>>> print(open('my_file38.txt').read())   # compact mmCIF, C-alpha atoms and all ligand atoms
# COMPACT_ATOMS: atom_id res chain seq x y z
CA MET W 10 -15.59 6.09 -20.84
CA SER W 11 -12.21 7.74 -20.56
CA THR W 12 -12.25 10.48 -17.97
CA LEU W 13 -8.90 12.11 -18.46
CA LEU W 14 -8.03 14.46 -21.25
CA ASP W 15 -5.83 11.79 -22.78
CA ASP W 16 -6.22 11.48 -26.51
CA THR W 17 -9.40 13.35 -27.22
CA THR W 18 -9.14 14.86 -30.70
CA THR W 19 -11.30 17.76 -31.73
CA PRO W 20 -12.62 16.89 -35.20
CA GLY W 21 -11.33 19.35 -37.81
CA THR W 22 -13.83 21.58 -39.58
CA ALA W 23 -13.85 21.52 -43.39
CA GLY W 24 -10.57 22.79 -44.74
CA THR W 25 -8.95 22.94 -41.28
CA PRO W 26 -6.63 20.08 -40.37
CA ALA W 27 -7.53 18.36 -37.11
CA PRO W 28 -5.10 19.28 -34.33
CA ALA W 29 -2.39 16.72 -33.67
CA LYS W 30 -3.53 13.93 -31.38
CA LYS W 31 -2.67 14.93 -27.83
CA GLY W 32 -1.19 12.15 -25.74
CA PRO W 33 1.36 11.72 -23.01
CA ARG W 34 4.75 13.24 -23.89
CA ASP W 35 7.56 10.90 -24.94
CA GLY W 36 9.16 9.24 -21.94
CA ALA W 37 6.23 10.16 -19.68
CA PHE W 38 6.15 6.63 -18.30
CA GLY W 39 9.86 5.81 -18.30
CA ASN W 40 10.58 2.18 -19.18
CA ALA W 41 6.93 1.14 -19.08
CA ARG W 42 5.90 -0.41 -22.40
CA ALA W 43 2.14 -0.91 -22.17
CA LEU W 44 -0.71 -1.85 -19.88
CA ALA W 45 -1.11 -5.63 -19.93
CA CYS W 46 -4.17 -7.62 -18.83
CA ARG W 47 -3.49 -9.82 -15.82
CA GLU W 48 -5.97 -12.38 -17.11
CA CYS W 49 -5.41 -12.71 -20.87
CA GLY W 50 -2.17 -10.78 -21.46
CA HIS W 51 -3.76 -8.42 -24.00
CA GLU W 52 -1.81 -5.14 -24.14
CA VAL W 53 -3.17 -1.62 -24.53
CA GLU W 54 -1.25 1.62 -24.82
CA LEU W 55 -0.26 3.48 -21.68
CA GLY W 56 -3.08 5.78 -20.60
CA PRO W 57 -5.96 6.15 -18.17
CA SER W 58 -7.30 2.61 -18.68
CA TYR W 59 -7.72 0.02 -15.98
CA ALA W 60 -9.87 -2.75 -17.46
CA CYS W 61 -8.98 -5.02 -20.38
CA PRO W 62 -11.07 -4.25 -23.49
CA GLU W 63 -11.05 -7.99 -24.33
CA CYS W 64 -12.03 -9.64 -21.04
CA PHE W 65 -12.48 -6.82 -18.46
CA GLY W 66 -9.55 -8.22 -16.44
CA PRO W 67 -7.42 -5.71 -14.50
CA LEU W 68 -4.58 -4.01 -16.37
CA GLU W 69 -1.10 -3.65 -14.94
CA VAL W 70 2.05 -1.95 -16.15
CA ALA W 71 4.44 -4.00 -18.33
CA TYR W 72 8.01 -2.85 -18.95
CA ASP W 73 11.01 -3.13 -21.21
CA PHE W 74 13.60 -2.89 -18.47
CA PRO W 75 17.12 -1.76 -19.29
CA ALA W 76 20.06 -3.30 -17.41
CA VAL W 77 19.83 -1.75 -13.94
CA THR W 78 22.70 -2.07 -11.46
CA ARG W 79 22.72 -2.00 -7.68
CA GLU W 80 25.23 0.87 -7.86
CA GLU W 81 22.90 3.00 -9.99
CA ILE W 82 20.10 2.46 -7.51
CA ALA W 83 22.34 3.15 -4.52
CA ALA W 84 23.45 6.43 -6.10
CA GLY W 85 19.82 7.62 -6.33
CA PRO W 86 17.89 9.77 -3.85
CA ARG W 87 16.87 8.38 -0.46
CA ASN W 88 13.24 8.03 -1.53
CA ILE W 89 11.26 5.86 -3.93
CA TRP W 90 12.72 7.62 -6.98
CA ARG W 91 15.94 5.65 -6.50
CA TYR W 92 13.94 2.90 -8.27
CA LYS W 93 12.58 5.16 -11.01
CA ALA W 94 13.98 2.88 -13.76
CA LEU W 95 11.55 0.21 -12.49
CA LEU W 96 8.52 2.50 -12.21
CA PRO W 97 6.16 4.12 -14.77
CA VAL W 98 7.61 7.59 -14.20
CA PRO W 99 9.78 9.90 -16.32
CA THR W 100 13.54 9.96 -15.86
CA ASP W 101 13.39 13.54 -14.54
CA ILE W 102 10.76 12.66 -11.92
CA GLU W 103 12.80 14.21 -9.08
CA GLN W 104 12.10 17.62 -10.63
CA SER W 105 8.33 17.30 -10.05
CA PRO W 106 6.91 18.38 -6.71
CA ASN W 107 5.85 15.36 -4.69
CA THR W 108 6.01 14.28 -1.06
CA GLU W 109 9.07 12.08 -1.68
CA PRO W 110 8.10 9.00 0.29
CA GLY W 111 10.10 5.85 0.84
CA PHE W 112 13.39 4.50 2.09
CA THR W 113 11.77 3.96 5.47
CA ARG W 114 13.62 2.07 8.18
CA LEU W 115 13.97 -1.69 8.33
CA LEU W 116 14.49 -2.49 11.99
CA GLU W 117 15.68 -5.76 13.40
CA ALA W 118 13.03 -6.66 15.99
CA LYS W 119 15.04 -8.70 18.49
CA ASN W 120 12.67 -8.25 21.42
CA LEU W 121 9.56 -9.15 19.45
CA ALA W 122 11.42 -12.06 17.88
CA ARG W 123 12.32 -13.38 21.34
CA GLU W 124 8.74 -12.90 22.53
CA LEU W 125 7.30 -14.81 19.59
CA GLY W 126 10.06 -17.41 19.34
CA ILE W 127 11.25 -16.40 15.88
CA ASP W 128 14.98 -16.64 15.11
CA ARG W 129 15.33 -13.52 12.95
CA LEU W 130 12.64 -10.88 12.53
CA TRP W 131 12.53 -7.44 10.91
CA VAL W 132 9.91 -4.71 10.96
CA LYS W 133 9.64 -2.63 7.80
CA ASP W 134 8.27 0.56 9.33
CA ASP W 135 6.33 2.50 6.74
CA SER W 136 4.62 4.66 9.35
CA THR W 137 7.42 7.20 8.92
CA ASN W 138 6.36 8.19 5.40
CA PRO W 139 5.27 11.84 4.88
CA THR W 140 1.63 11.22 5.84
CA ASN W 141 2.46 8.24 8.05
CA SER W 142 1.43 5.33 5.88
CA PHE W 143 2.68 3.35 2.90
CA LYS W 144 0.03 5.06 0.77
CA ASP W 145 2.43 7.94 0.06
CA ARG W 146 4.33 5.51 -2.18
CA VAL W 147 1.40 4.63 -4.43
CA VAL W 148 0.16 8.19 -4.53
CA ALA W 149 3.56 9.49 -5.70
CA CYS W 150 3.34 7.23 -8.77
CA ALA W 151 -0.32 8.04 -9.38
CA LEU W 152 0.42 11.75 -9.18
CA SER W 153 3.12 11.45 -11.82
CA ALA W 154 0.68 9.64 -14.14
CA ALA W 155 -2.09 12.16 -13.46
CA ARG W 156 0.26 15.00 -14.30
CA GLU W 157 1.45 13.35 -17.51
CA LEU W 158 -2.17 12.69 -18.52
CA ASP W 159 -3.12 16.29 -17.89
CA ALA W 160 -5.56 15.57 -15.08
CA LYS W 161 -7.33 18.57 -13.62
CA VAL W 162 -8.48 16.94 -10.38
CA PHE W 163 -6.65 14.41 -8.22
CA ALA W 164 -9.09 12.19 -6.30
CA CYS W 165 -9.68 8.89 -4.50
CA PRO W 166 -12.12 6.79 -2.56
CA SER W 167 -10.27 5.85 0.62
CA THR W 168 -10.35 3.98 3.90
CA GLY W 169 -8.42 6.94 5.35
CA ASN W 170 -4.70 6.68 4.73
CA LEU W 171 -5.01 7.06 0.99
CA ALA W 172 -7.07 10.21 1.43
CA ASN W 173 -4.32 11.64 3.66
CA ALA W 174 -1.67 10.88 1.05
CA VAL W 175 -3.68 12.17 -1.94
CA ALA W 176 -4.61 15.40 -0.18
CA ALA W 177 -1.00 16.09 0.86
CA ALA W 178 0.56 15.20 -2.50
CA GLY W 179 -2.02 17.25 -4.41
CA ALA W 180 -1.36 20.24 -2.15
CA ARG W 181 2.37 20.06 -2.77
CA ALA W 182 1.88 19.61 -6.52
CA GLY W 183 -0.69 22.39 -6.75
CA ILE W 184 -3.40 20.13 -8.21
CA PRO W 185 -6.94 20.42 -6.79
CA THR W 186 -7.91 17.34 -4.75
CA VAL W 187 -11.24 15.79 -3.81
CA VAL W 188 -11.11 12.83 -1.44
CA PHE W 189 -14.00 10.56 -0.51
CA ILE W 190 -14.15 8.57 2.75
CA PRO W 191 -16.72 6.58 4.71
CA SER W 192 -18.26 9.00 7.23
CA ASN W 193 -17.50 6.75 10.22
CA LEU W 194 -13.70 6.97 9.86
CA GLU W 195 -11.41 7.73 12.77
CA THR W 196 -11.20 11.48 13.53
CA PRO W 197 -7.39 11.71 13.11
CA LYS W 198 -7.68 10.36 9.57
CA LYS W 199 -10.37 12.91 8.75
CA VAL W 200 -8.30 15.78 10.14
CA ASN W 201 -5.18 14.52 8.37
CA SER W 202 -6.99 14.89 5.07
CA ALA W 203 -8.96 18.04 5.76
CA VAL W 204 -5.85 19.94 6.75
CA PHE W 205 -4.44 19.47 3.23
CA THR W 206 -7.62 19.83 1.16
CA GLU W 207 -10.79 21.84 1.43
CA LYS W 208 -12.62 19.04 -0.38
CA LEU W 209 -12.88 16.09 1.97
CA VAL W 210 -16.20 14.38 1.24
CA ALA W 211 -17.63 12.04 3.90
CA VAL W 212 -20.05 9.52 2.41
CA ASP W 213 -22.75 7.77 4.40
CA GLY W 214 -21.75 4.18 3.68
CA ASN W 215 -18.83 1.77 3.89
CA TYR W 216 -15.72 1.79 1.72
CA ASP W 217 -17.32 -0.38 -0.94
CA ASP W 218 -20.14 2.19 -1.28
CA VAL W 219 -17.57 5.00 -1.52
CA ASN W 220 -15.63 3.08 -4.15
CA LYS W 221 -18.77 2.53 -6.22
CA LEU W 222 -19.58 6.23 -6.06
CA ALA W 223 -16.03 7.10 -7.16
CA SER W 224 -16.32 4.77 -10.17
CA GLU W 225 -19.56 6.48 -11.16
CA ILE W 226 -18.00 9.93 -10.86
CA ALA W 227 -14.97 8.73 -12.86
CA GLY W 228 -17.34 7.68 -15.62
CA GLU W 229 -19.12 11.03 -15.72
CA GLU W 230 -16.53 13.73 -15.02
CA GLU W 231 -13.80 14.70 -17.48
CA GLY W 232 -10.26 15.30 -16.29
CA TRP W 233 -10.44 13.50 -12.95
CA ALA W 234 -7.63 11.18 -11.94
CA PHE W 235 -8.98 8.79 -9.31
CA VAL W 236 -5.72 7.30 -8.12
CA ASN W 237 -7.12 3.86 -7.35
CA VAL W 238 -9.74 3.74 -10.10
CA ASN W 239 -8.79 5.12 -13.52
CA VAL W 240 -5.04 5.47 -12.90
CA ARG W 241 -4.89 2.36 -10.72
CA PRO W 242 -2.27 0.53 -12.84
CA PHE W 243 0.23 3.37 -12.26
CA TYR W 244 -0.75 3.83 -8.63
CA ALA W 245 -0.34 0.14 -7.81
CA GLU W 246 3.26 0.12 -9.08
CA GLY W 247 4.27 2.40 -6.20
CA SER W 248 3.77 -0.50 -3.80
CA LYS W 249 6.62 -2.36 -5.49
CA THR W 250 9.05 0.06 -3.86
CA LEU W 251 8.34 -1.51 -0.46
CA GLY W 252 9.60 -4.82 -1.82
CA TYR W 253 12.64 -3.26 -3.50
CA GLU W 254 13.61 -1.48 -0.29
CA ILE W 255 13.37 -4.58 1.84
CA ALA W 256 15.68 -6.45 -0.55
CA GLU W 257 18.14 -3.55 -0.77
CA GLN W 258 18.14 -2.98 3.00
CA LEU W 259 18.82 -6.67 3.59
CA GLY W 260 21.96 -6.27 1.46
CA TRP W 261 20.32 -7.21 -1.84
CA ARG W 262 18.66 -10.45 -0.83
CA LEU W 263 15.10 -11.56 -0.31
CA PRO W 264 13.72 -12.54 3.09
CA ASP W 265 12.44 -16.10 3.57
CA GLN W 266 9.02 -14.98 4.74
CA ILE W 267 7.00 -11.78 4.75
CA VAL W 268 3.69 -10.88 6.42
CA ILE W 269 1.61 -8.15 4.73
CA PRO W 270 -1.84 -6.69 5.54
CA VAL W 271 -4.60 -7.15 2.98
CA ALA W 272 -7.44 -4.76 2.16
CA SER W 273 -7.75 -4.52 -1.64
CA GLY W 274 -4.73 -6.86 -1.78
CA SER W 275 -2.76 -4.58 -4.07
CA GLN W 276 0.18 -4.08 -1.76
CA LEU W 277 0.73 -7.77 -1.18
CA THR W 278 0.65 -8.67 -4.85
CA LYS W 279 3.02 -5.81 -5.73
CA VAL W 280 5.62 -6.86 -3.18
CA ASP W 281 5.62 -10.24 -4.92
CA LYS W 282 5.92 -8.49 -8.31
CA ALA W 283 8.88 -6.49 -6.94
CA PHE W 284 10.66 -9.64 -5.74
CA GLN W 285 10.09 -11.35 -9.11
CA GLU W 286 11.44 -8.33 -10.99
CA LEU W 287 14.56 -8.16 -8.81
CA ILE W 288 15.21 -11.83 -9.54
CA LYS W 289 14.72 -11.36 -13.29
CA LEU W 290 17.01 -8.33 -13.33
CA GLY W 291 19.70 -10.31 -11.50
CA LEU W 292 19.68 -7.83 -8.61
CA VAL W 293 18.98 -10.57 -6.05
CA GLU W 294 19.59 -14.29 -6.00
CA ASP W 295 16.63 -16.44 -7.04
CA LYS W 296 15.39 -18.23 -3.93
CA PRO W 297 12.06 -19.34 -2.47
CA TYR W 298 10.13 -16.92 -0.26
CA LYS W 299 6.74 -17.23 1.40
CA VAL W 300 4.13 -14.47 1.39
CA TYR W 301 1.49 -14.34 4.16
CA GLY W 302 -1.61 -12.12 4.11
CA ALA W 303 -3.19 -10.59 7.24
CA GLN W 304 -6.84 -9.63 7.71
CA ALA W 305 -9.11 -8.74 10.62
CA ALA W 306 -11.83 -11.30 11.28
CA GLY W 307 -14.49 -8.59 10.89
CA CYS W 308 -13.45 -8.17 7.25
CA SER W 309 -11.66 -11.29 6.07
CA PRO W 310 -13.06 -12.36 2.71
CA VAL W 311 -9.64 -13.40 1.41
CA SER W 312 -8.69 -15.36 4.52
CA VAL W 313 -12.07 -17.14 4.47
CA ALA W 314 -11.56 -18.15 0.82
CA TYR W 315 -7.99 -19.26 1.55
CA LYS W 316 -9.13 -21.50 4.39
CA ALA W 317 -11.99 -22.90 2.33
CA GLY W 318 -9.52 -23.78 -0.42
CA THR W 319 -11.52 -21.88 -3.01
CA ASP W 320 -10.88 -19.01 -5.43
CA ALA W 321 -14.39 -17.67 -4.93
CA ILE W 322 -14.12 -14.60 -2.72
CA ARG W 323 -17.48 -13.79 -1.13
CA PRO W 324 -17.88 -10.03 -0.49
CA VAL W 325 -18.60 -9.18 3.17
CA LYS W 326 -19.95 -6.19 5.09
CA PRO W 327 -17.00 -5.02 7.22
CA ASP W 328 -17.29 -4.80 11.00
CA THR W 329 -13.86 -4.28 12.55
CA ILE W 330 -11.71 -1.68 14.29
CA ALA W 331 -9.16 -2.16 11.48
CA LYS W 332 -10.93 0.39 9.32
CA SER W 333 -8.04 0.90 6.93
CA LEU W 334 -8.36 -2.78 6.02
CA ALA W 335 -12.16 -2.68 5.79
CA ILE W 336 -12.67 -3.48 2.12
CA GLY W 337 -15.40 -6.11 1.84
CA ASN W 338 -14.98 -6.71 -1.88
CA PRO W 339 -11.23 -6.65 -2.53
CA ALA W 340 -10.21 -5.98 -6.14
CA ASP W 341 -6.99 -8.00 -5.91
CA GLY W 342 -8.21 -10.69 -3.53
CA ILE W 343 -7.92 -13.49 -6.04
CA TYR W 344 -4.31 -12.51 -6.83
CA VAL W 345 -3.51 -12.51 -3.11
CA LEU W 346 -4.72 -16.11 -2.94
CA ASP W 347 -2.58 -16.93 -5.94
CA VAL W 348 0.61 -15.38 -4.48
CA CYS W 349 0.15 -16.89 -1.02
CA ARG W 350 -0.57 -20.36 -2.40
CA ARG W 351 2.18 -20.26 -5.03
CA THR W 352 4.84 -19.23 -2.52
CA GLY W 353 3.73 -21.62 0.22
CA GLY W 354 2.44 -18.88 2.53
CA ALA W 355 -1.09 -18.47 3.91
CA VAL W 356 -3.81 -15.91 4.67
CA GLU W 357 -4.91 -15.63 8.31
CA ASP W 358 -7.24 -13.42 10.33
CA ILE W 359 -7.55 -12.33 13.97
CA THR W 360 -10.18 -10.76 16.22
CA ASP W 361 -10.31 -7.07 17.12
CA ASP W 362 -9.12 -7.91 20.63
CA GLU W 363 -6.10 -9.66 19.18
CA VAL W 364 -5.47 -6.60 16.99
CA ARG W 365 -5.42 -4.40 20.13
CA ASP W 366 -3.12 -6.82 21.96
CA ALA W 367 -0.73 -6.83 19.03
CA ILE W 368 -0.59 -3.01 18.86
CA VAL W 369 0.53 -3.00 22.50
CA LEU W 370 2.89 -5.94 21.96
CA LEU W 371 4.75 -4.17 19.12
CA ALA W 372 4.85 -0.91 21.07
CA ARG W 373 6.20 -2.51 24.26
CA THR W 374 8.76 -4.73 22.56
CA GLU W 375 10.05 -2.48 19.78
CA GLY W 376 8.94 1.08 20.55
CA ILE W 377 6.87 1.23 17.38
CA PHE W 378 3.33 2.54 17.57
CA THR W 379 1.31 1.02 14.78
CA GLU W 380 -2.26 1.59 13.72
CA THR W 381 -4.86 -1.15 13.59
CA ALA W 382 -3.58 -2.40 10.22
CA GLY W 383 -0.14 -3.03 11.72
CA GLY W 384 -1.80 -4.55 14.79
CA THR W 385 -3.56 -6.93 12.45
CA THR W 386 -0.29 -7.83 10.75
CA VAL W 387 1.70 -8.40 13.94
CA GLY W 388 -1.23 -10.28 15.50
CA VAL W 389 -1.47 -12.53 12.47
CA LEU W 390 2.28 -13.14 12.66
CA LYS W 391 1.79 -14.29 16.27
CA LYS W 392 -1.12 -16.53 15.30
CA LEU W 393 0.84 -18.04 12.41
CA VAL W 394 3.64 -18.94 14.84
CA GLU W 395 1.26 -20.36 17.45
CA SER W 396 -0.59 -22.46 14.90
CA GLY W 397 2.64 -23.78 13.39
CA GLN W 398 1.93 -22.24 9.98
CA LEU W 399 5.10 -20.15 10.02
CA ASP W 400 8.58 -21.63 10.20
CA THR W 401 10.26 -19.79 13.09
CA SER W 402 13.74 -20.75 11.90
CA LEU W 403 13.34 -18.68 8.72
CA GLU W 404 14.17 -14.98 8.40
CA THR W 405 10.90 -13.07 8.56
CA VAL W 406 9.79 -9.52 7.72
CA VAL W 407 6.56 -7.98 9.01
CA ILE W 408 5.30 -4.72 7.51
CA ASN W 409 3.96 -1.86 9.59
CA THR W 410 1.92 0.14 7.08
CA GLY W 411 0.56 2.98 9.22
CA HIS W 412 1.00 5.05 12.41
CA GLY W 413 -0.83 4.43 15.68
CA LEU W 414 -1.64 8.09 16.24
CA LYS W 415 -4.23 7.71 13.49
CA THR W 416 -6.23 5.08 15.41
CA LEU W 417 -5.84 6.15 19.04
CA ASP W 418 -9.42 5.23 19.90
CA ALA W 419 -8.71 1.57 19.20
CA ILE W 420 -6.53 1.27 22.29
CA SER W 421 -7.31 4.29 24.43
CA ASP W 422 -9.24 2.01 26.83
CA ARG W 423 -6.32 -0.42 27.00
CA VAL W 424 -3.51 1.88 28.04
CA GLY W 425 -3.25 4.88 30.34
CA PRO W 426 -1.83 6.09 33.64
CA VAL W 427 -1.03 3.30 36.10
CA ALA W 428 -2.13 5.64 38.92
CA THR W 429 -3.09 9.25 39.53
CA ILE W 430 -1.22 10.60 42.52
CA ALA W 431 -0.62 13.84 44.43
CA PRO W 432 2.64 15.62 43.51
CA THR W 433 4.48 14.44 46.63
CA TYR W 434 7.11 11.79 47.28
CA ASP W 435 4.92 10.28 49.98
CA ALA W 436 2.08 9.79 47.52
CA PHE W 437 4.49 8.16 45.08
CA ALA W 438 5.95 5.90 47.76
CA ALA W 439 2.46 4.91 48.91
CA SER W 440 1.26 4.12 45.40
CA GLY W 441 3.21 0.86 45.21
CA ILE W 442 4.24 1.56 41.61
CA VAL W 443 7.80 0.33 42.10
C1 LIG C 1 -2.42 1.22 6.84
C2 LIG C 1 -2.87 0.34 5.71
N1 LIG C 1 -2.35 -0.87 5.61
C3 LIG C 1 -2.73 -1.71 4.62
C4 LIG C 1 -3.68 -1.36 3.69
C5 LIG C 1 -4.07 -2.36 2.65
O1 LIG C 1 -3.58 -2.08 1.39
P1 LIG C 1 -4.15 -2.80 0.10
O2 LIG C 1 -5.47 -2.16 -0.22
O3 LIG C 1 -3.11 -2.51 -0.94
O4 LIG C 1 -4.31 -4.25 0.40
C6 LIG C 1 -4.27 -0.10 3.77
C7 LIG C 1 -5.27 0.30 2.78
O5 LIG C 1 -5.85 1.34 2.82
C8 LIG C 1 -3.85 0.77 4.80
O6 LIG C 1 -4.37 2.00 4.93
ZN ZN C 2 -7.92 -9.47 -20.79
>>> encode(input="my_file38.txt", output="structure tokens", more="lines below")
Ligand SMILES: Cc1ncc(COP(=O)(O)O)c(C=O)c1O
Ligand SMILES: [Zn+2]
Amino acid sequence: MSTLLDDTTTPGTAGTPAPAKKGPRDGAFGNARALACRECGHEVELGPSYACPECFGPLEVAYDFPAVTREEIAAGPRNIWRYKALLPVPTDIEQSPNTEPGFTRLLEAKNLARELGIDRLWVKDDSTNPTNSFKDRVVACALSAARELDAKVFACPSTGNLANAVAAAGARAGIPTVVFIPSNLETPKKVNSAVFTEKLVAVDGNYDDVNKLASEIAGEEEGWAFVNVNVRPFYAEGSKTLGYEIAEQLGWRLPDQIVIPVASGSQLTKVDKAFQELIKLGLVEDKPYKVYGAQAAGCSPVSVAYKAGTDAIRPVKPDTIAKSLAIGNPADGIYVLDVCRRTGGAVEDITDDEVRDAIVLLARTEGIFTETAGGTTVGVLKKLVESGQLDTSLETVVINTGHGLKTLDAISDRVGPVATIAPTYDAFAASGIV
């Protein structure tokens, strides 16, 4: 059942012509052509659909790209709309209120590289987005679609960061938001949503329960745009901008290797899609690159399947401090396996203790405070080096997807004052600190 007011036509009464079919305005989705099934290739028209009517496979946006030049992109705004020609958004998208995420820093991580024994390493730091995670990117694209489809409510099931981004973007756009989260989320993530929306709904259950509830609501309520359910194809395209930026910031070339956290797996697969598009458009040279996925051992269904050499991803019940990655039944898991195998990468997982160690490692080597998802990614990078799965002579990028202030509890027992002393020089001198 369609839940947005997309093409519903009121039947005409006798003698009265039916009103013209109401659909998205011309150019609402830029250069996007259709939604295409990732399994069978069947195409459906652009709208609030996410499952293939032929085989129930997931739909994703397909395009008729014009010639796009590096100069045109470079002349664009310093946010994700510089890539608007490659996204399902209108050409005047900058006019619409949004949080304007993107163009985050790509930092060369010399200290961490030395520590890990990697020749050349970069951190793509997406924690500096408006609500401090990469989710602002996907939400910006979903919001555009929701607006074009006349949605009345902007909503999501979330592991935390997405809720923050949806609530903030909806506030700025003036669209009512309702965000659903597992009730056991970290307090900072709850507050970071509740400050932007009066409708933060905590659900007694894990993310997979919340997601199921959201799908049910999407099937019942008219006019709701659930960013990662019924407008998911548009939402997911926002993640491509992370890949575009990395290539542009490296001087229009692809890295040799990239390590990306995996929850639903959408971000990882879209970075690969971005790299493939840049190659096809002639914006970067065609060269091999390896994609690695990172999970926490307490929720690692994709890593387990990778190691078992199977495509069958067994859903799990998450139990990890990496709550933003705690999706036990990942929608794009099978595509993650495909990308990592095709490119010669891997999927690896680490323990919660290793996640904590990696948070501190990144902070103390590069001055970047990451949340548990980034700890998972950096920790997996370390493990990949130690186990010989990653070629340390190749140029590597690791993505930090979220800010450490959102998951303080994860490491508050690990770090703190080295001593508590009286405010006197004698006390300092006696403390033996230096
Ligand atoms: C900080 C952070 N990193 C990574 C992810 C994983 O993204 P995906 O679901 O696209 O795999 C999430 C998902 O919520 C997240 O919040
Ligand atoms: Zn299909």
>>> closest_residue(input="my_file38.txt", among="W:Val325, W:Ala203, W:Ala37, W:Val236", to="Asp145 of chain W", atoms="all atoms listed in the file")
W:Val236
>>> residues_near_ligand(input="my_file38.txt", ligand="ligand LIG 1 (chain C)", cutoff="8 Å", atoms="all atoms listed in the file", output="VMD selection string")
chain W and resid 142 to 144 167 to 171 245 248 269 to 277 333 to 334 336 339 341 380 to 383 409 to 412
>>> residues_around(input="my_file38.txt", residues="Ala122 of chain W", least_positions_apart="2", cutoff="12 Å", atoms="all atoms listed in the file", output="ChimeraX atom specification")
/W:116-120,124-132,370-371,374-375,387,390-391,394,401-407
>>> residues_around(input="my_file38.txt", residues="Pro99 of chain W", least_positions_apart="3", cutoff="12 Å", atoms="only C-alpha atoms", output="PyMOL selection string")
chain W and resi 33-41+90+92-96+102-105+150+152-154+156-157
>>> write_last_selection(input="my_file38.txt", atoms="C-alpha atoms", output="PDB file, in the frame of the given file")
ATOM      1  CA  PRO W  33       1.360  11.720 -23.010  1.00  0.00           C
ATOM      2  CA  ARG W  34       4.750  13.240 -23.890  1.00  0.00           C
ATOM      3  CA  ASP W  35       7.560  10.900 -24.940  1.00  0.00           C
ATOM      4  CA  GLY W  36       9.160   9.240 -21.940  1.00  0.00           C
ATOM      5  CA  ALA W  37       6.230  10.160 -19.680  1.00  0.00           C
ATOM      6  CA  PHE W  38       6.150   6.630 -18.300  1.00  0.00           C
ATOM      7  CA  GLY W  39       9.860   5.810 -18.300  1.00  0.00           C
ATOM      8  CA  ASN W  40      10.580   2.180 -19.180  1.00  0.00           C
ATOM      9  CA  ALA W  41       6.930   1.140 -19.080  1.00  0.00           C
ATOM     10  CA  TRP W  90      12.720   7.620  -6.980  1.00  0.00           C
ATOM     11  CA  TYR W  92      13.940   2.900  -8.270  1.00  0.00           C
ATOM     12  CA  LYS W  93      12.580   5.160 -11.010  1.00  0.00           C
ATOM     13  CA  ALA W  94      13.980   2.880 -13.760  1.00  0.00           C
ATOM     14  CA  LEU W  95      11.550   0.210 -12.490  1.00  0.00           C
ATOM     15  CA  LEU W  96       8.520   2.500 -12.210  1.00  0.00           C
ATOM     16  CA  ILE W 102      10.760  12.660 -11.920  1.00  0.00           C
ATOM     17  CA  GLU W 103      12.800  14.210  -9.080  1.00  0.00           C
ATOM     18  CA  GLN W 104      12.100  17.620 -10.630  1.00  0.00           C
ATOM     19  CA  SER W 105       8.330  17.300 -10.050  1.00  0.00           C
ATOM     20  CA  CYS W 150       3.340   7.230  -8.770  1.00  0.00           C
ATOM     21  CA  LEU W 152       0.420  11.750  -9.180  1.00  0.00           C
ATOM     22  CA  SER W 153       3.120  11.450 -11.820  1.00  0.00           C
ATOM     23  CA  ALA W 154       0.680   9.640 -14.140  1.00  0.00           C
ATOM     24  CA  ARG W 156       0.260  15.000 -14.300  1.00  0.00           C
ATOM     25  CA  GLU W 157       1.450  13.350 -17.510  1.00  0.00           C
TER      26      GLU W 157
END
>>> residues_around(input="my_file38.txt", residues="Val293 of chain W", least_positions_apart="2", cutoff="12 Å", atoms="all atoms listed in the file", output="ChimeraX atom specification")
/W:77-79,252-253,255-264,283-291,295-297
>>> residues_around(input="my_file38.txt", residues="Ser312 of chain W", least_positions_apart="5", cutoff="8 Å", atoms="all atoms listed in the file", output="JSON, numbers by chain")
{"W": [302, 303, 304, 356, 357, 358]}
>>> closest_residue(input="my_file38.txt", among="W:Gly413, W:Ala367, W:Gly337, W:Tyr301", to="Leu399 of chain W", atoms="all atoms listed in the file")
W:Tyr301
>>> atom_distance(input="my_file38.txt", atom1="atom CA of Thr386 of chain W", atom2="atom CA of Arg241 of chain W")
24.2 Å
>>> closest_residue(input="my_file38.txt", among="W:Glu52, W:Gly66, W:Arg123, W:Gly397", to="ligand ZN 2 (chain C)", atoms="all atoms listed in the file")
W:Gly66
>>> residues_near_ligand(input="my_file38.txt", ligand="ligand ZN 2 (chain C)", cutoff="12 Å", atoms="all atoms listed in the file", output="MDAnalysis selection string")
chainID W and resid 44:53 59:69
>>> atom_distance(input="my_file38.txt", atom1="atom CA of Gly214 of chain W", atom2="atom CA of Pro197 of chain W")
18.8 Å
>>> atom_distance(input="my_file38.txt", atom1="atom CA of Ser421 of chain W", atom2="atom CA of Gly384 of chain W")
14.2 Å
>>> closest_residue(input="my_file38.txt", among="W:Ala340, W:Ala180, W:Val280, W:Ala355", to="Asn107 of chain W", atoms="all atoms listed in the file")
W:Ala180
>>> residues_around(input="my_file38.txt", residues="Asn237 of chain W", least_positions_apart="6", cutoff="8 Å", atoms="only C-alpha atoms", output="PDB file with C-alpha atoms, in the frame of the given file")
ATOM      1  CA  CYS W 165      -9.680   8.890  -4.500  1.00  0.00           C
ATOM      2  CA  PRO W 166     -12.120   6.790  -2.560  1.00  0.00           C
ATOM      3  CA  TYR W 244      -0.750   3.830  -8.630  1.00  0.00           C
ATOM      4  CA  ALA W 245      -0.340   0.140  -7.810  1.00  0.00           C
TER       5      ALA W 245
END
>>> closest_atom_pairs(input="my_file38.txt", of="segment 115-222 of chain W", to="segment 228-231 of chain W", cutoff="10 Å", atoms="all atoms listed in the file", output="JSON lines")
{"residue": "W:Ala160", "atom": "CA", "partner": "W:Glu231", "partner_atom": "CA", "distance": 8.6}
{"residue": "W:Lys161", "atom": "CA", "partner": "W:Glu231", "partner_atom": "CA", "distance": 8.5}
{"residue": "W:Val162", "atom": "CA", "partner": "W:Glu231", "partner_atom": "CA", "distance": 9.2}
{"residue": "W:Leu222", "atom": "CA", "partner": "W:Gly228", "partner_atom": "CA", "distance": 9.9}
